[in-house]
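S.K.: My file is my_file_24.cif. It has mmCIF, C-alpha atoms:
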```cif
data_coords
#
loop_
_atom_site.label_atom_id
_atom_site.label_comp_id
_atom_site.auth_asym_id
_atom_site.auth_seq_id
_atom_site.Cartn_x
_atom_site.Cartn_y
_atom_site.Cartn_z
CA MET A 1 80.08 83.27 82.00
CA HIS A 2 83.88 83.13 82.06
CA PHE A 3 85.55 85.50 79.60
CA ALA A 4 87.29 82.67 77.74
CA ALA A 5 83.90 81.08 77.08
CA ARG A 6 82.32 84.43 76.16
CA ILE A 7 85.03 85.30 73.66
CA SER A 8 84.85 81.77 72.15
CA LEU A 9 81.09 82.18 71.60
CA LEU A 10 81.62 85.63 70.12
CA VAL A 11 84.28 84.30 67.76
CA ALA A 12 81.93 81.54 66.63
CA ALA A 13 79.09 84.00 66.09
CA LEU A 14 81.24 86.34 64.04
CA ALA A 15 83.03 83.69 61.99
CA ALA A 16 80.26 83.52 59.40
CA VAL A 17 80.17 87.27 58.81
CA SER A 18 83.76 88.46 59.39
CA PRO A 19 85.91 88.78 56.25
CA ALA A 20 89.05 86.71 56.06
CA ALA A 21 91.10 89.64 54.82
CA ALA A 22 91.40 93.18 56.03
CA THR A 23 88.99 95.69 54.54
CA ALA A 24 89.93 99.15 53.37
CA ALA A 25 87.76 100.99 55.92
CA PRO A 26 87.92 100.30 59.69
CA THR A 27 85.18 98.04 61.00
CA PRO A 28 82.97 99.68 63.66
CA VAL A 29 82.97 97.86 67.01
CA GLN A 30 81.03 98.29 70.21
CA PRO A 31 82.80 97.88 73.57
CA ALA A 32 82.54 94.47 75.16
CA GLU A 33 80.83 93.89 78.51
CA LEU A 34 83.83 93.01 80.69
CA GLY A 35 82.21 91.73 83.88
CA GLU A 36 84.57 90.33 86.53
CA TRP A 37 87.94 89.07 85.35
CA PRO A 38 90.44 87.90 87.96
CA ALA A 39 93.87 86.58 87.06
CA GLU A 40 93.41 82.89 87.71
CA THR A 41 97.13 82.13 87.81
CA GLU A 42 100.26 84.12 88.58
CA ILE A 43 100.76 86.17 85.46
CA LYS A 44 104.17 87.18 84.18
CA ASP A 45 104.73 89.60 81.34
CA THR A 46 107.60 91.78 80.16
CA VAL A 47 108.24 95.29 78.90
CA LEU A 48 110.82 94.98 76.14
CA ARG A 49 113.40 97.68 75.51
CA PRO A 50 112.90 99.44 72.17
CA GLY A 51 114.53 97.60 69.30
CA VAL A 52 115.77 94.59 71.28
CA ARG A 53 113.66 92.04 69.41
CA ALA A 54 112.26 91.71 65.93
CA ARG A 55 108.51 91.66 65.62
CA ALA A 56 106.65 88.56 64.54
CA ALA A 57 105.79 88.25 60.87
CA ALA A 58 102.09 89.17 61.03
CA SER A 59 100.48 88.47 57.68
CA ARG A 60 97.14 90.16 58.30
CA SER A 61 96.30 93.56 59.74
CA GLU A 62 92.74 94.71 60.47
CA LYS A 63 91.52 98.08 61.69
CA PHE A 64 88.49 98.71 63.85
CA VAL A 65 86.92 101.96 64.97
CA ASP A 66 85.31 102.46 68.38
CA ASP A 67 82.28 104.63 69.11
CA HIS A 68 84.54 107.66 69.73
CA GLY A 69 86.20 107.41 66.34
CA HIS A 70 89.48 105.90 67.59
CA VAL A 71 91.11 103.37 65.27
CA ILE A 72 92.33 100.11 66.80
CA THR A 73 94.89 98.05 64.84
CA ILE A 74 95.15 94.30 65.41
CA GLU A 75 97.41 91.91 63.53
CA THR A 76 97.92 88.17 63.35
CA ASP A 77 99.56 85.51 61.21
CA LEU A 78 96.86 82.94 62.08
CA PRO A 79 94.55 82.25 59.15
CA GLY A 80 90.87 82.32 60.02
CA LEU A 81 91.32 83.93 63.48
CA VAL A 82 88.52 86.45 64.00
CA LEU A 83 89.97 89.63 65.48
CA GLU A 84 86.83 91.60 66.28
CA PRO A 85 86.33 90.13 69.80
CA TYR A 86 89.80 91.38 70.79
CA ALA A 87 89.02 94.82 69.36
CA ARG A 88 85.81 94.98 71.40
CA VAL A 89 87.76 94.38 74.60
CA PHE A 90 90.25 97.17 73.88
CA ALA A 91 87.37 99.46 72.90
CA ALA A 92 85.92 98.90 76.38
CA LEU A 93 89.06 100.02 78.23
CA ARG A 94 89.77 103.53 79.51
CA HIS A 95 91.53 105.15 76.58
CA TYR A 96 91.86 108.24 74.45
CA ASP A 97 93.49 108.69 71.04
CA GLU A 98 96.70 106.96 72.28
CA ILE A 99 95.01 103.69 71.29
CA GLU A 100 95.78 104.63 67.69
CA ASP A 101 99.51 104.46 68.52
CA VAL A 102 99.64 100.79 69.46
CA VAL A 103 99.57 97.66 67.30
CA ILE A 104 98.16 94.57 69.02
CA GLU A 105 99.45 91.30 67.67
CA VAL A 106 97.60 88.09 68.50
CA VAL A 107 99.73 84.94 68.43
CA THR A 108 99.40 81.37 69.65
CA PRO A 109 100.18 80.80 73.35
CA GLU A 110 103.21 78.75 72.28
CA ASP A 111 104.63 81.71 70.32
CA VAL A 112 104.38 84.25 73.15
CA ALA A 113 107.39 83.13 75.18
CA PRO A 114 109.93 83.19 72.29
CA LEU A 115 108.71 86.66 71.28
CA CYS A 116 108.49 88.05 74.79
CA GLY A 117 111.69 86.86 76.39
CA GLY A 118 111.44 83.57 78.16
CA PRO A 119 109.51 80.61 79.60
CA GLY A 120 106.36 81.42 81.50
CA VAL A 121 105.89 84.85 79.92
CA LEU A 122 102.30 85.23 78.76
CA ALA A 123 102.41 88.62 77.00
CA CYS A 124 104.65 91.62 76.40
CA TYR A 125 104.72 95.24 75.35
CA GLN A 126 107.46 96.98 73.38
CA PRO A 127 107.54 100.79 73.42
CA ALA A 128 109.00 103.11 70.85
CA ARG A 129 110.59 106.43 71.79
CA ASP A 130 107.85 108.42 70.06
CA GLY A 131 105.09 107.05 72.30
CA ARG A 132 104.04 104.33 69.90
CA GLY A 133 104.10 100.69 70.92
CA ARG A 134 103.38 97.09 70.02
CA MET A 135 102.01 94.35 72.23
CA TRP A 136 101.81 90.60 71.86
CA ILE A 137 98.94 88.69 73.45
CA PRO A 138 97.90 85.03 73.17
CA THR A 139 94.84 83.88 71.28
CA GLN A 140 93.49 82.29 74.44
CA ASP A 141 94.25 81.88 78.12
CA PRO A 142 92.12 81.38 81.27
CA SER A 143 93.16 84.92 82.26
CA LEU A 144 93.09 86.45 78.78
CA LEU A 145 90.99 89.49 79.67
CA TYR A 146 93.24 90.34 82.59
CA ILE A 147 96.31 89.96 80.34
CA MET A 148 94.86 92.31 77.73
CA VAL A 149 93.98 95.03 80.24
CA HIS A 150 97.29 94.78 82.08
CA GLU A 151 99.26 94.97 78.84
CA TYR A 152 97.37 98.02 77.68
CA GLY A 153 98.32 99.65 81.00
CA HIS A 154 101.94 99.55 79.80
CA HIS A 155 100.95 101.46 76.67
CA VAL A 156 99.23 104.10 78.80
CA ASP A 157 102.41 104.34 80.90
CA ASN A 158 104.41 104.92 77.72
CA GLN A 159 102.29 107.98 76.89
CA LEU A 160 102.65 109.81 80.19
CA ILE A 161 105.59 111.68 81.70
CA ASN A 162 106.69 111.05 85.25
CA LEU A 163 110.33 110.78 86.33
CA GLY A 164 112.01 108.78 83.59
CA GLN A 165 113.94 111.52 81.85
CA LEU A 166 115.14 112.92 85.18
CA LEU A 167 116.54 109.72 86.66
CA GLY A 168 119.07 108.70 84.04
CA ASN A 169 119.46 105.52 82.04
CA ASP A 170 117.88 103.15 84.56
CA CYS A 171 114.43 104.66 84.18
CA TYR A 172 112.44 105.13 81.00
CA ILE A 173 109.20 106.96 80.32
CA ASP A 174 107.53 103.65 79.47
CA GLY A 175 108.22 102.20 82.92
CA ASP A 176 107.83 105.03 85.43
CA GLY A 177 104.06 105.47 85.79
CA SER A 178 102.37 108.86 85.54
CA ARG A 179 103.10 111.96 87.58
CA ASN A 180 100.17 112.50 89.97
CA TRP A 181 99.53 108.78 90.33
CA PHE A 182 103.17 108.26 91.37
CA PHE A 183 103.22 110.92 94.07
CA GLU A 184 99.78 109.98 95.40
CA ARG A 185 100.86 106.33 95.54
CA ASP A 186 104.19 107.19 97.15
CA THR A 187 102.60 109.50 99.71
CA GLY A 188 100.06 106.87 100.71
CA ASN A 189 102.06 103.66 100.39
CA ARG A 190 105.74 104.68 100.30
CA ILE A 191 106.25 102.60 97.20
CA SER A 192 109.86 103.75 96.94
CA ARG A 193 110.54 102.46 100.46
CA ALA A 194 108.90 99.16 99.55
CA GLY A 195 111.68 98.64 96.99
CA ILE A 196 109.55 99.28 93.90
CA GLU A 197 111.65 100.85 91.15
CA CYS A 198 111.56 101.60 87.46
CA ALA A 199 114.90 99.95 86.59
CA ILE A 200 114.30 96.61 84.90
CA ARG A 201 115.98 94.29 87.35
CA GLY A 202 114.85 92.15 90.22
CA ASP A 203 111.47 90.53 90.65
CA TRP A 204 108.49 91.26 88.41
CA ASN A 205 106.31 92.44 91.29
CA TYR A 206 108.88 95.09 92.35
CA LEU A 207 108.82 96.90 89.00
CA LEU A 208 107.11 100.28 88.92
CA ALA A 209 105.80 99.52 85.42
CA GLU A 210 104.00 96.42 86.68
CA LEU A 211 102.46 98.23 89.66
CA TYR A 212 101.17 100.88 87.28
CA ALA A 213 99.69 98.26 84.94
CA GLU A 214 98.09 96.51 87.92
CA ASP A 215 96.52 99.76 89.08
CA TYR A 216 95.29 100.31 85.52
CA THR A 217 93.38 97.02 85.74
CA ARG A 218 91.70 98.37 88.90
CA LEU A 219 90.82 101.58 87.06
CA ASN A 220 88.99 99.39 84.54
CA GLY A 221 86.99 97.54 87.16
CA ASN A 222 89.13 94.58 88.25
CA PRO A 223 88.06 94.01 91.91
CA PHE A 224 90.90 91.58 92.67
CA TRP A 225 94.41 92.34 93.90
CA ARG A 226 97.46 90.12 93.53
CA SER A 227 98.81 89.04 96.90
CA GLU A 228 102.43 88.97 95.71
CA MET A 229 102.49 92.75 95.22
CA PRO A 230 104.56 94.42 97.99
CA VAL A 231 101.94 97.16 98.51
CA GLY A 232 98.18 97.03 98.85
CA PRO A 233 95.61 97.88 96.20
CA PRO A 234 95.16 101.49 95.08
CA THR A 235 92.73 103.75 96.89
CA ASN A 236 90.12 105.83 95.13
CA ALA A 237 92.48 108.81 95.42
CA HIS A 238 95.22 106.87 93.62
CA LEU A 239 92.84 105.87 90.83
CA GLU A 240 91.47 109.40 90.51
CA ALA A 241 95.05 110.69 90.14
CA MET A 242 95.70 108.09 87.44
CA ALA A 243 92.51 109.06 85.62
CA ASP A 244 93.43 112.76 85.82
CA ASP A 245 96.91 112.04 84.41
CA PHE A 246 95.29 110.16 81.59
CA ALA A 247 92.71 112.86 80.81
CA ALA A 248 95.12 115.83 81.05
CA PRO A 249 98.74 114.60 80.72
CA PHE A 250 101.50 116.43 82.59
CA GLU A 251 103.77 118.59 80.44
CA PRO A 252 107.04 120.19 81.65
CA ARG A 253 107.16 123.98 81.48
CA GLN A 254 109.72 126.77 81.69
CA ARG A 255 109.26 130.47 82.32
CA ARG A 256 111.70 133.39 82.12
CA TYR A 257 111.45 136.76 83.84
CA SER A 258 113.60 139.86 84.14
CA LYS A 259 112.92 141.99 87.23
CA ARG A 260 114.58 145.15 88.52
CA VAL A 261 114.53 145.20 92.32
CA GLY A 262 115.27 148.23 94.46
CA HIS A 263 117.22 148.17 97.73
CA ARG A 264 115.27 146.41 100.53
CA ARG A 265 112.41 145.69 98.17
CA ALA A 266 110.95 142.53 96.65
CA ARG A 267 109.44 141.64 93.29
CA PHE A 268 107.03 138.71 93.12
CA VAL A 269 106.18 136.18 90.43
CA SER A 270 103.01 134.12 90.96
CA PHE A 271 102.43 130.74 89.40
CA ARG A 272 100.24 127.68 89.73
CA VAL A 273 101.07 124.00 89.40
CA ARG A 274 98.26 121.65 88.43
CA ASP A 275 100.30 118.49 88.98
CA TRP A 276 102.92 117.30 91.43
CA THR A 277 105.95 119.10 90.08
CA LEU A 278 109.74 118.98 90.40
CA PHE A 279 110.24 122.72 90.70
CA THR A 280 113.45 124.70 90.25
CA ALA A 281 113.85 128.47 90.51
CA ALA A 282 117.22 129.84 89.30
CA LEU A 283 118.17 133.49 89.75
CA LYS A 284 121.11 135.30 88.19
CA GLY A 285 121.92 138.93 88.92
CA PRO A 286 124.86 141.30 88.31
CA PRO A 287 127.90 141.06 90.63
CA SER A 288 127.13 144.57 91.87
CA ALA A 289 123.75 143.45 93.26
CA ASP A 290 122.83 141.35 96.31
CA LEU A 291 119.65 139.50 95.32
CA ASP A 292 118.07 136.66 97.29
CA LEU A 293 115.35 134.21 96.32
CA TYR A 294 112.33 133.01 98.34
CA LEU A 295 109.41 130.64 97.73
CA PHE A 296 105.94 131.15 99.26
CA GLU A 297 102.74 129.14 99.30
CA GLY A 298 99.81 131.04 97.84
CA GLY A 299 99.18 134.15 99.93
CA ALA A 300 101.40 133.11 102.85
CA ARG A 301 103.40 135.90 104.44
CA ARG A 302 106.42 133.74 105.32
CA PRO A 303 108.46 131.73 102.80
CA PHE A 304 108.93 127.99 103.20
CA ALA A 305 112.15 127.91 101.16
CA GLY A 306 114.90 130.39 100.37
CA SER A 307 118.36 130.90 98.90
CA ARG A 308 120.70 133.73 99.93
CA LYS A 309 124.19 132.53 99.09
CA GLY A 310 125.45 135.86 97.82
CA ALA A 311 126.74 137.03 94.44
CA SER A 312 123.12 137.14 93.23
CA ARG A 313 123.23 133.53 92.01
CA GLU A 314 120.50 131.69 93.86
CA ARG A 315 118.67 128.43 93.37
CA ILE A 316 115.68 126.70 95.02
CA GLN A 317 114.57 123.13 94.26
CA ARG A 318 111.46 121.55 95.75
CA VAL A 319 108.82 118.92 94.95
CA LEU A 320 105.55 120.87 94.96
CA PRO A 321 102.05 119.43 95.30
CA PRO A 322 99.33 121.05 93.19
CA GLY A 323 98.57 124.59 94.29
CA ARG A 324 99.41 128.28 93.95
CA TYR A 325 102.84 129.69 94.78
CA ARG A 326 104.92 132.87 94.62
CA VAL A 327 108.62 133.41 94.04
CA ALA A 328 110.16 136.58 95.48
CA ILE A 329 113.37 138.30 94.40
CA TYR A 330 114.56 140.39 97.32
CA ALA A 331 117.36 142.96 97.30
CA ALA A 332 118.88 142.46 100.74
CA ASP A 333 121.70 144.99 100.31
CA ARG A 334 122.20 146.34 96.82
CA GLY A 335 119.45 146.37 94.20
CA GLY A 336 119.72 145.44 90.55
CA ARG A 337 118.10 143.50 87.72
CA GLY A 338 117.69 139.77 88.23
CA LYS A 339 117.00 137.17 85.56
CA LEU A 340 114.73 134.44 86.90
CA ARG A 341 114.05 131.07 85.33
CA LEU A 342 111.36 128.70 86.59
CA PHE A 343 111.53 125.02 85.63
CA MET A 344 108.47 122.83 86.26
CA ASP A 345 109.57 119.29 85.42
#
```
Could you render the structure from this file as structure tokens?
M.R.:
Amino acid sequence: MHFAARISLLVAALAAVSPAAATAAPTPVQPAELGEWPAETEIKDTVLRPGVRARAAASRSEKFVDDHGHVITIETDLPGLVLEPYARVFAALRHYDEIEDVVIEVVTPEDVAPLCGGPGVLACYQPARDGRGRMWIPTQDPSLLYIMVHEYGHHVDNQLINLGQLLGNDCYIDGDGSRNWFFERDTGNRISRAGIECAIRGDWNYLLAELYAEDYTRLNGNPFWRSEMPVGPPTNAHLEAMADDFAAPFEPRQRRYSKRVGHRRARFVSFRVRDWTLFTAALKGPPSADLDLYLFEGGARRPFAGSRKGASRERIQRVLPPGRYRVAIYAADRGGRGKLRLFMD
């Protein structure tokens, strides 16, 4: 049975028992059976910049709790609209406690476009800088299930660090995907060469945020792929990277060391990166010393990167795949104490 018909039957079945007003305690919900849910038409949605639009005046807010104890908040200004079927869909999606940081507002299809930025827009998501967010979805649509899953993908994106804070004002954390997913996708499909970017300009299907949300629908079982996307569907490796990012989010790290190195000797620092990492090693030594810097893979005997500019001020920057590495401080001429900082962004 088509999702629109299933949700209509569920609404009818619940109408007699669902309270018209919100209750004090969250209502327990079981996840819905999603089945197959293609997008039957070309779907367009938007990710709004924080604070650019006022929210709709929702008059009713209800809370539901899934079988893992996560609270789902859904609002509407439509009297008599039963919200539990929508909560059951979100309870069925891949999620963790980030679902408690989003408010889902259900509005009429006619109200979506004015709220979300223009004609033809069927839904939207608005992030906040603290990882919270709000989404607007229609009460009904032939592709409603697809819309709901895709929109929640934007909220997942808003939780996870990738490149946004490193690329300046054109890229935000809510529109840059997640770290391992991005590098796995770029290694396999060259998404950057395909013209996909996180800056909000150009066509919908060339936005990194939309590719991420599309891949999120695949992670949740959508077997269909939109032909207008400039790259093919994600592989199992891409989806596994997305799931890993979701289960154990990437966090930037810094480490500081102080090492005294004798003439013609080396001191090593070992480290491991679990995720694809933008790695920087910065060394500062006294002017009287001549310290160089080298980067090794695991137990390799030869470095694959180095810096020996002189004056004991050295720097190495590399994108590192997950693995074990060593940094060496080497006193080529005169020894001394070097201060080493490792940045894993």
S.K.: Taking into account all atoms listed in the file, which residue in the set A:Asp292, A:Glu62, A:Glu98, A:Glu314 is nearest to Val82 in chain A?
M.R.: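 Ranked by minimum distance to Val82 in chain A, first place goes to A:Glu62.
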S.K.: Evaluated on this file, the PyMOL selection byres ((chain A and resi 214-225) around 8) picks out some residues - which ones are they, written as an MDAnalysis selection string?
M.R.: chainID A and resid 36:38 93:94 146 149:150 153 210:213 226:227 232:234 239 243
S.K.: Neighbouring residues of Ser61 in chain A were defined as those with any atom within 8 Å, considering only C-alpha atoms; residues of the same chain fewer than 5 positions away were excluded. Please report them as number ranges by chain.
M.R.: A: 22, 73-76
S.K.: Nearest residue to Asn205 in chain A out of A:Met229, A:Ile191, A:Ala266, A:Leu163, using only C-alpha atoms?
M.R.: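 The closest residue to Asn205 in chain A is A:Met229.
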S.K.: Enumerate, as a ChimeraX atom specification, the residues matched when the PyMOL selection byres ((chain A and resi 110) around 10) is run on the file above.
M.R.: /A:107-109,111-115,119,122,138-139
S.K.: Quick one: of A:Asn180, A:Gln126, A:Ser312, A:Thr27, who's nearest to Thr46 in chain A, counting only C-alpha atoms?
M.R.: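 When distances to Thr46 in chain A are compared using only C-alpha atoms, the smallest one comes from A:Gln126.
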S.K.: Nearest residue to Lys44 in chain A out of A:Ala128, A:Leu207, A:Gly175, A:Arg190, using only C-alpha atoms?
M.R.: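 Selected residue with least distance to Lys44 in chain A: A:Leu207.
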S.K.: Can you pull out the residues contacting Leu295 in chain A? Cut-off 12 Å, using all atoms listed in the file, and skip same-chain residues under 6 positions away; I want them as a PDB file with C-alpha atoms, in the coordinates of the input.
M.R.:
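Full text of selection35.pdb as output:
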```
ATOM      1  CA  ARG A 267     109.440 141.640  93.290  1.00  0.00           C
ATOM      2  CA  PHE A 268     107.030 138.710  93.120  1.00  0.00           C
ATOM      3  CA  VAL A 269     106.180 136.180  90.430  1.00  0.00           C
ATOM      4  CA  SER A 270     103.010 134.120  90.960  1.00  0.00           C
ATOM      5  CA  PHE A 271     102.430 130.740  89.400  1.00  0.00           C
ATOM      6  CA  PHE A 279     110.240 122.720  90.700  1.00  0.00           C
ATOM      7  CA  THR A 280     113.450 124.700  90.250  1.00  0.00           C
ATOM      8  CA  ALA A 281     113.850 128.470  90.510  1.00  0.00           C
ATOM      9  CA  ALA A 282     117.220 129.840  89.300  1.00  0.00           C
ATOM     10  CA  ARG A 301     103.400 135.900 104.440  1.00  0.00           C
ATOM     11  CA  ARG A 302     106.420 133.740 105.320  1.00  0.00           C
ATOM     12  CA  PRO A 303     108.460 131.730 102.800  1.00  0.00           C
ATOM     13  CA  PHE A 304     108.930 127.990 103.200  1.00  0.00           C
ATOM     14  CA  ALA A 305     112.150 127.910 101.160  1.00  0.00           C
ATOM     15  CA  GLY A 306     114.900 130.390 100.370  1.00  0.00           C
ATOM     16  CA  SER A 307     118.360 130.900  98.900  1.00  0.00           C
ATOM     17  CA  ARG A 308     120.700 133.730  99.930  1.00  0.00           C
ATOM     18  CA  GLU A 314     120.500 131.690  93.860  1.00  0.00           C
ATOM     19  CA  ARG A 315     118.670 128.430  93.370  1.00  0.00           C
ATOM     20  CA  ILE A 316     115.680 126.700  95.020  1.00  0.00           C
ATOM     21  CA  GLN A 317     114.570 123.130  94.260  1.00  0.00           C
ATOM     22  CA  ARG A 318     111.460 121.550  95.750  1.00  0.00           C
ATOM     23  CA  LEU A 320     105.550 120.870  94.960  1.00  0.00           C
ATOM     24  CA  ARG A 324      99.410 128.280  93.950  1.00  0.00           C
ATOM     25  CA  TYR A 325     102.840 129.690  94.780  1.00  0.00           C
ATOM     26  CA  ARG A 326     104.920 132.870  94.620  1.00  0.00           C
ATOM     27  CA  VAL A 327     108.620 133.410  94.040  1.00  0.00           C
ATOM     28  CA  ALA A 328     110.160 136.580  95.480  1.00  0.00           C
ATOM     29  CA  ILE A 329     113.370 138.300  94.400  1.00  0.00           C
ATOM     30  CA  TYR A 330     114.560 140.390  97.320  1.00  0.00           C
ATOM     31  CA  LEU A 342     111.360 128.700  86.590  1.00  0.00           C
TER      32      LEU A 342
END
```
S.K.: Just checking: using all atoms listed in the file, which residue out of A:Val29, A:Leu278, A:Leu208, A:Val102 ends up closest to Val156 in chain A?
M.R.: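 Nearest to Val156 in chain A: A:Val102.
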S.K.: I'd like to know which of A:His155, A:Arg253, A:Arg60, A:Arg88 is closest to Glu33 in chain A, using all atoms listed in the file.
M.R.: A:Arg88
S.K.: Starting from the displayed file, determine the output of the PyMOL selection byres ((chain A and resi 331) around 8) and express the residue list as a list of chain:residue names.
M.R.: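 What the PyMOL selection byres ((chain A and resi 331) around 8) grabs from the file is A:Val261, A:Gly262, A:His263, A:Arg264, A:Arg265, A:Ala266, A:Ala289, A:Asp290, A:Leu291, A:Asp292, A:Ile329, A:Tyr330, A:Ala332, A:Asp333, A:Arg334, A:Gly335, A:Gly336.
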S.K.: Please tell me which residues are no farther than 8 Å from (93.1, 102.6, 64.6) in the file, counting all atoms listed in the file, and write them as a PyMOL selection string.
M.R.: chain A and resi 26+63-65+70-73+99-101
S.K.: Quick one, how far is CA of Glu105 in chain A from CA of Asn162 in chain A?
M.R.: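 Calculated distance between CA of Glu105 in chain A and CA of Asn162 in chain A is 27.4 Å.
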S.K.: For CA of Gly323 in chain A and CA of Trp276 in chain A, determine how far apart the two atoms are, in Å to one decimal place.
M.R.: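 It comes out at 9.0 Å.
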S.K.: Using CA of Ser178 in chain A and CA of Glu251 in chain A as the two end points, give the distance in Å to one decimal.
M.R.: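 Calculated distance between CA of Ser178 in chain A and CA of Glu251 in chain A is 11.1 Å.
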S.K.: Name the residues in contact with Glu151 in chain A at a cut-off of 8 Å, using only C-alpha atoms, excluding same-chain residues fewer than 5 positions from it; report them as a PDB file with C-alpha atoms, in the coordinates of the input.
M.R.:
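Okay, around26.pdb is ready:
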```
ATOM      1  CA  ALA A 123     102.410  88.620  77.000  1.00  0.00           C
ATOM      2  CA  CYS A 124     104.650  91.620  76.400  1.00  0.00           C
ATOM      3  CA  TYR A 125     104.720  95.240  75.350  1.00  0.00           C
ATOM      4  CA  MET A 135     102.010  94.350  72.230  1.00  0.00           C
ATOM      5  CA  ALA A 213      99.690  98.260  84.940  1.00  0.00           C
TER       6      ALA A 213
END
```
S.K.: Assuming the input is short of atoms at range 66-78 of chain A, produce N, CA and C atoms for that part as a PDB file, in the frame of the given file.
M.R.:
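Result file follows (out22.pdb):
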```
ATOM      1  N   ASP A  66      86.230 102.498  67.246  1.00  0.00           N
ATOM      2  CA  ASP A  66      85.310 102.460  68.380  1.00  0.00           C
ATOM      3  C   ASP A  66      84.270 103.576  68.242  1.00  0.00           C
ATOM      4  N   ASP A  67      83.376 103.668  69.240  1.00  0.00           N
ATOM      5  CA  ASP A  67      82.280 104.630  69.110  1.00  0.00           C
ATOM      6  C   ASP A  67      82.705 106.067  69.346  1.00  0.00           C
ATOM      7  N   HIS A  68      84.011 106.309  69.643  1.00  0.00           N
ATOM      8  CA  HIS A  68      84.540 107.660  69.730  1.00  0.00           C
ATOM      9  C   HIS A  68      85.389 108.034  68.509  1.00  0.00           C
ATOM     10  N   GLY A  69      85.442 107.132  67.546  1.00  0.00           N
ATOM     11  CA  GLY A  69      86.200 107.410  66.340  1.00  0.00           C
ATOM     12  C   GLY A  69      87.666 107.019  66.406  1.00  0.00           C
ATOM     13  N   HIS A  70      88.088 106.328  67.471  1.00  0.00           N
ATOM     14  CA  HIS A  70      89.480 105.900  67.590  1.00  0.00           C
ATOM     15  C   HIS A  70      89.703 104.602  66.824  1.00  0.00           C
ATOM     16  N   VAL A  71      90.793 104.556  66.075  1.00  0.00           N
ATOM     17  CA  VAL A  71      91.110 103.370  65.270  1.00  0.00           C
ATOM     18  C   VAL A  71      91.992 102.422  66.062  1.00  0.00           C
ATOM     19  N   ILE A  72      91.613 101.157  66.094  1.00  0.00           N
ATOM     20  CA  ILE A  72      92.330 100.110  66.800  1.00  0.00           C
ATOM     21  C   ILE A  72      92.904  99.152  65.771  1.00  0.00           C
ATOM     22  N   THR A  73      94.220  98.913  65.817  1.00  0.00           N
ATOM     23  CA  THR A  73      94.890  98.050  64.840  1.00  0.00           C
ATOM     24  C   THR A  73      95.280  96.734  65.490  1.00  0.00           C
ATOM     25  N   ILE A  74      94.833  95.638  64.901  1.00  0.00           N
ATOM     26  CA  ILE A  74      95.150  94.300  65.410  1.00  0.00           C
ATOM     27  C   ILE A  74      95.686  93.467  64.259  1.00  0.00           C
ATOM     28  N   GLU A  75      96.765  92.735  64.543  1.00  0.00           N
ATOM     29  CA  GLU A  75      97.410  91.910  63.530  1.00  0.00           C
ATOM     30  C   GLU A  75      97.528  90.472  63.997  1.00  0.00           C
ATOM     31  N   THR A  76      97.680  89.576  63.043  1.00  0.00           N
ATOM     32  CA  THR A  76      97.920  88.170  63.350  1.00  0.00           C
ATOM     33  C   THR A  76      98.477  87.479  62.114  1.00  0.00           C
ATOM     34  N   ASP A  77      99.148  86.351  62.337  1.00  0.00           N
ATOM     35  CA  ASP A  77      99.560  85.510  61.210  1.00  0.00           C
ATOM     36  C   ASP A  77      98.775  84.200  61.206  1.00  0.00           C
ATOM     37  N   LEU A  78      97.677  84.164  61.967  1.00  0.00           N
ATOM     38  CA  LEU A  78      96.860  82.940  62.080  1.00  0.00           C
ATOM     39  C   LEU A  78      95.684  83.029  61.131  1.00  0.00           C
TER      40      LEU A  78
END
```
